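Engineer: Before we start, here is the structure in question, set down as structure tokens.
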Amino acid sequence: MQTVSTLLTGEWKKRYNAISHLNIRSSIYDMTNKCNLRCKGCFFFSSDEHKLQEETSLGKWEEFVEKEKERGVNLAILIGGEPTLFLDRIEAFYKRIPTYCATNGLIKVPRDRFPDMMVGISLWGDENEEQVLRGKNTFGTSLKNYKGDPYTYYLYTITPRQVGTGTIERIINKISDAGLKVHLQLFSNDEDVEGFVWTPGILDRVRDEMDDMLERYPNTVISSKYYHKIITSGKMLDRTWGWMECPSVTEPMDTRNPQPKRLIRFIRWGADLKTTHRCCTSATRECSTCKDGAAHMSWVMVNKRAHMRSPEDFQHWVEVYEMFAKLYRFIPW
Ligand code: SF4
Ligand code: SF4
């Protein structure tokens with residue numbers, strides 16, 4: 001049987017050692033049903049997940065976070081609606097658990113209150129596409145708000161219409177000039193917006209473009225070619241992405257049989273602090289075409305043993321784990 005020592009030597013062994021002790025236990029929290037945008041293609045609103053009665057008592061949020069900490073969560077991923085509309089709720093997490101906040105970037109997280117909280121800013125396409133999909137060029141505002149911030153990166157959702165147009169590089173250049181990092185993922189189009197459809201040909205081309213960006217902007221793009229291959233092809237080793245493979249399913253709702261490798265203790269909580277949602281996106285999304293970046297990264301990460309079949313496969317696993325650890329700041333950029 002292959003072991004870590006037979007598969008990795010030298011620099012790769014060091015890289016493995018830097019991540020092997022991390023025991024990441026993440027969960028996702030809807031912070032509110034409100035948002036200062038209504039993007040076309042938003043899974044939260046299109047699946048009616050915002051229709052819960054959100055908890056408004058700060059004391060209840062604090063009690064809830066204490067319980068989550070006791071449950072073993074060591075990475076709280078805050079999503080929305082828009083979390084920055086409720087800074088006190090964010091603080092309830094930040095004071096207790098390593099916390100990551102996803103935001104559209106229109107409101108700047110005050111750094112005197114949250115000095116080292118990781119912030120991921122959503123960016124869809126480019127300035128023009130944001131106008132079409134989000135009704136606003138949020139990129140212009142978020143760039144001004146977060147320029148030079150060492151704990152911020154862009155979660156850049158590439159759309160099919162951008163491929164081969166030069167806009168992906170133009171956006172990455174702007175992010176680089178602002179002294180920020182960027183992670184790439186693909187638009188899932190939860191509301192079937194016309195003209196934003198992935199075809200096998202476009203997916204092949206976007207993979208090449210993502211690889212190219214990683215090569216040319218290694219200090220800005222936090223990514224790996226193996227992740228690009230998986231998210232564009234839906235294939236990992238000899239397996240195909242879909243419901244029976246997804247690792248990011250809420251544990252108490254996971255009745256799959258057989259059980260795939262999955263995130264341990266993962267739950268996505270609604271803003272009423274009682275309801276749980278099926279997975280890290282929405283129960284109305286079609287799994288076979290889901291392009292969720294974190295779920296694809298996790299797919300690799302939970303399947304460590306399967307990657308221990310050759311040095312190359314295991315190096316791919318290390319790269320993806322490293323990428324995840326960097327994005328949530330368990331290790332430096
Ligand atoms: S900013 Fe996020 S939560 Fe708000 S509408 Fe857009 S995608 Fe949905
Ligand atoms: S929609 Fe995506 S994240 Fe949710 S269960 Fe399906 S594949 Fe997983």
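All residue names refer to the structure tokens as shown: chains lettered A, B, ... in order, residues numbered from 1 in each chain, ligands numbered from 1 in order.
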Can I get the residues close to ligand 2 as a PyMOL selection string, where close means within 8 Å and we count only C-alpha atoms and all ligand atoms?
Structural biologist: chain A and resi 241-243+245-249+278-292+295
Engineer: For the residues selected in the previous step, produce a file with C-alpha atoms as a PDB file, in the first residue's frame.
Structural biologist:
ATOM      1  CA  TRP A 241     -19.742  14.891 -10.016  1.00  0.00           C
ATOM      2  CA  GLY A 242     -23.343  14.798  -8.789  1.00  0.00           C
ATOM      3  CA  TRP A 243     -25.620  14.264  -5.791  1.00  0.00           C
ATOM      4  CA  GLU A 245     -20.610  12.413  -4.750  1.00  0.00           C
ATOM      5  CA  CYS A 246     -21.179  15.857  -3.229  1.00  0.00           C
ATOM      6  CA  PRO A 247     -19.381  16.295   0.117  1.00  0.00           C
ATOM      7  CA  SER A 248     -21.147  19.539   1.134  1.00  0.00           C
ATOM      8  CA  VAL A 249     -24.483  18.110   2.230  1.00  0.00           C
ATOM      9  CA  ARG A 278     -29.782  20.626   2.199  1.00  0.00           C
ATOM     10  CA  CYS A 279     -26.331  21.792   1.162  1.00  0.00           C
ATOM     11  CA  CYS A 280     -23.950  24.706   0.730  1.00  0.00           C
ATOM     12  CA  THR A 281     -26.062  26.089  -2.131  1.00  0.00           C
ATOM     13  CA  SER A 282     -29.765  25.357  -2.497  1.00  0.00           C
ATOM     14  CA  ALA A 283     -32.035  22.342  -2.646  1.00  0.00           C
ATOM     15  CA  THR A 284     -33.476  23.565  -5.937  1.00  0.00           C
ATOM     16  CA  ARG A 285     -30.166  23.431  -7.773  1.00  0.00           C
ATOM     17  CA  GLU A 286     -29.516  20.533 -10.144  1.00  0.00           C
ATOM     18  CA  CYS A 287     -26.513  18.685  -8.732  1.00  0.00           C
ATOM     19  CA  SER A 288     -25.098  17.350 -11.975  1.00  0.00           C
ATOM     20  CA  THR A 289     -24.534  20.867 -13.331  1.00  0.00           C
ATOM     21  CA  CYS A 290     -23.727  22.556 -10.002  1.00  0.00           C
ATOM     22  CA  LYS A 291     -20.481  24.516 -10.305  1.00  0.00           C
ATOM     23  CA  ASP A 292     -20.026  25.424  -6.664  1.00  0.00           C
ATOM     24  CA  ALA A 295     -18.025  21.937  -2.941  1.00  0.00           C
TER      25      ALA A 295
END
Engineer: Tell me which protein, DNA and RNA residues are within 10 Å of Val193 in chain A, counting only C-alpha atoms, leaving out same-chain ones fewer than 6 positions away, and put them as a list in words.
Structural biologist: Lys40, Gly41, Val132 and Leu133 of chain A
Engineer: Compute the set of protein, DNA and RNA residues whose minimum atom distance to ligand 1 is at most 8 Å, using only C-alpha atoms and all ligand atoms, and state it as an MDAnalysis selection string.
Structural biologist: chainID A and resid 34:45 79:82 103:104 122 134
Engineer: I'd like the neighbourhood of Arg71 in chain A as a list in words, where a residue qualifies if any of its atoms comes within 12 Å (using only C-alpha atoms), though same-chain residues fewer than 2 positions away should be ignored.
Structural biologist: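 Neighbouring residues, sequence-local ones excluded: Arg25, Ser26, Ser27, Phe64, Val65, Glu66, Lys67, Glu68, Lys69, Val73, Asn74, Leu75, Ala76, Ile97, Ile264, Arg265, Phe266 and Ile267 of chain A.
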Engineer: With C-alpha atoms retained, could you export that selection as a tab-separated table (two decimals), in the first residue's frame?
Structural biologist:
chain	number	residue	atom	x	y	z
A	25	ARG	CA	-14.63	21.54	10.48
A	26	SER	CA	-16.65	24.12	8.63
A	27	SER	CA	-20.31	25.03	8.58
A	64	PHE	CA	-26.24	29.65	18.97
A	65	VAL	CA	-22.59	30.32	18.13
A	66	GLU	CA	-21.50	28.95	21.52
A	67	LYS	CA	-23.37	25.74	20.70
A	68	GLU	CA	-21.77	25.57	17.26
A	69	LYS	CA	-18.38	25.92	18.88
A	73	VAL	CA	-17.01	23.92	14.26
A	74	ASN	CA	-13.66	25.67	13.73
A	75	LEU	CA	-14.50	27.58	10.55
A	76	ALA	CA	-17.71	29.62	10.32
A	97	ILE	CA	-14.79	30.97	16.05
A	264	ILE	CA	-17.77	15.87	8.85
A	265	ARG	CA	-20.37	17.73	10.94
A	266	PHE	CA	-21.11	20.14	8.10
A	267	ILE	CA	-24.44	21.97	8.41
Engineer: Using only C-alpha atoms, which residues sit within 10 Å of Asp272 in chain A once same-chain residues fewer than 6 positions away are excluded, as an mmCIF file with C-alpha atoms, in the first residue's frame?
Structural biologist:
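Dumped to result02.cif:
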data_model
loop_
_atom_site.group_PDB
_atom_site.id
_atom_site.type_symbol
_atom_site.label_atom_id
_atom_site.label_comp_id
_atom_site.auth_asym_id
_atom_site.auth_seq_id
_atom_site.Cartn_x
_atom_site.Cartn_y
_atom_site.Cartn_z
ATOM 1 C CA ASP A 30 -27.197 32.456 6.531
ATOM 2 C CA MET A 31 -26.850 35.719 8.454
ATOM 3 C CA THR A 32 -29.991 37.398 7.215
ATOM 4 C CA ASN A 33 -32.759 37.213 4.637
ATOM 5 C CA HIS A 50 -35.025 33.934 2.394
ATOM 6 C CA LYS A 51 -38.612 33.255 3.462
ATOM 7 C CA LEU A 52 -37.714 32.082 6.962
ATOM 8 C CA GLN A 53 -38.407 34.298 9.970
ATOM 9 C CA GLU A 54 -34.872 35.445 10.771
ATOM 10 C CA GLU A 55 -33.700 35.551 14.385
ATOM 11 C CA THR A 56 -33.320 39.144 15.510
ATOM 12 C CA LYS A 60 -29.895 34.175 20.622
ATOM 13 C CA TRP A 61 -27.199 34.463 17.956
#
Engineer: List the spatial neighbours of range 138-142 of chain A as a PyMOL selection string - criterion: any atom at most 7 Å away, only C-alpha atoms, same-chain residues fewer than 4 positions off excluded.
Structural biologist: chain A and resi 105-106+123+127+130+146
Engineer: Just write the chosen residues, N, CA and C atoms, as a CSV table (one decimal), in the first residue's frame.
Structural biologist:
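File written: out.csv
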chain,number,residue,atom,x,y,z
A,105,GLY,N,-19.5,43.3,-1.1
A,105,GLY,CA,-18.4,44.3,-1.0
A,105,GLY,C,-18.9,45.7,-1.0
A,106,LEU,N,-20.2,45.9,-1.1
A,106,LEU,CA,-20.8,47.3,-1.1
A,106,LEU,C,-20.6,48.0,0.2
A,123,LEU,N,-17.8,38.6,-7.1
A,123,LEU,CA,-17.7,39.4,-8.3
A,123,LEU,C,-18.2,38.5,-9.5
A,127,GLU,N,-17.6,44.5,-15.2
A,127,GLU,CA,-18.5,45.6,-14.8
A,127,GLU,C,-19.8,45.6,-15.6
A,130,GLU,N,-22.0,42.6,-14.5
A,130,GLU,CA,-22.6,42.9,-13.2
A,130,GLU,C,-23.8,43.8,-13.3
A,146,TYR,N,-11.9,47.9,-0.5
A,146,TYR,CA,-11.0,46.9,0.0
A,146,TYR,C,-9.6,47.0,-0.5
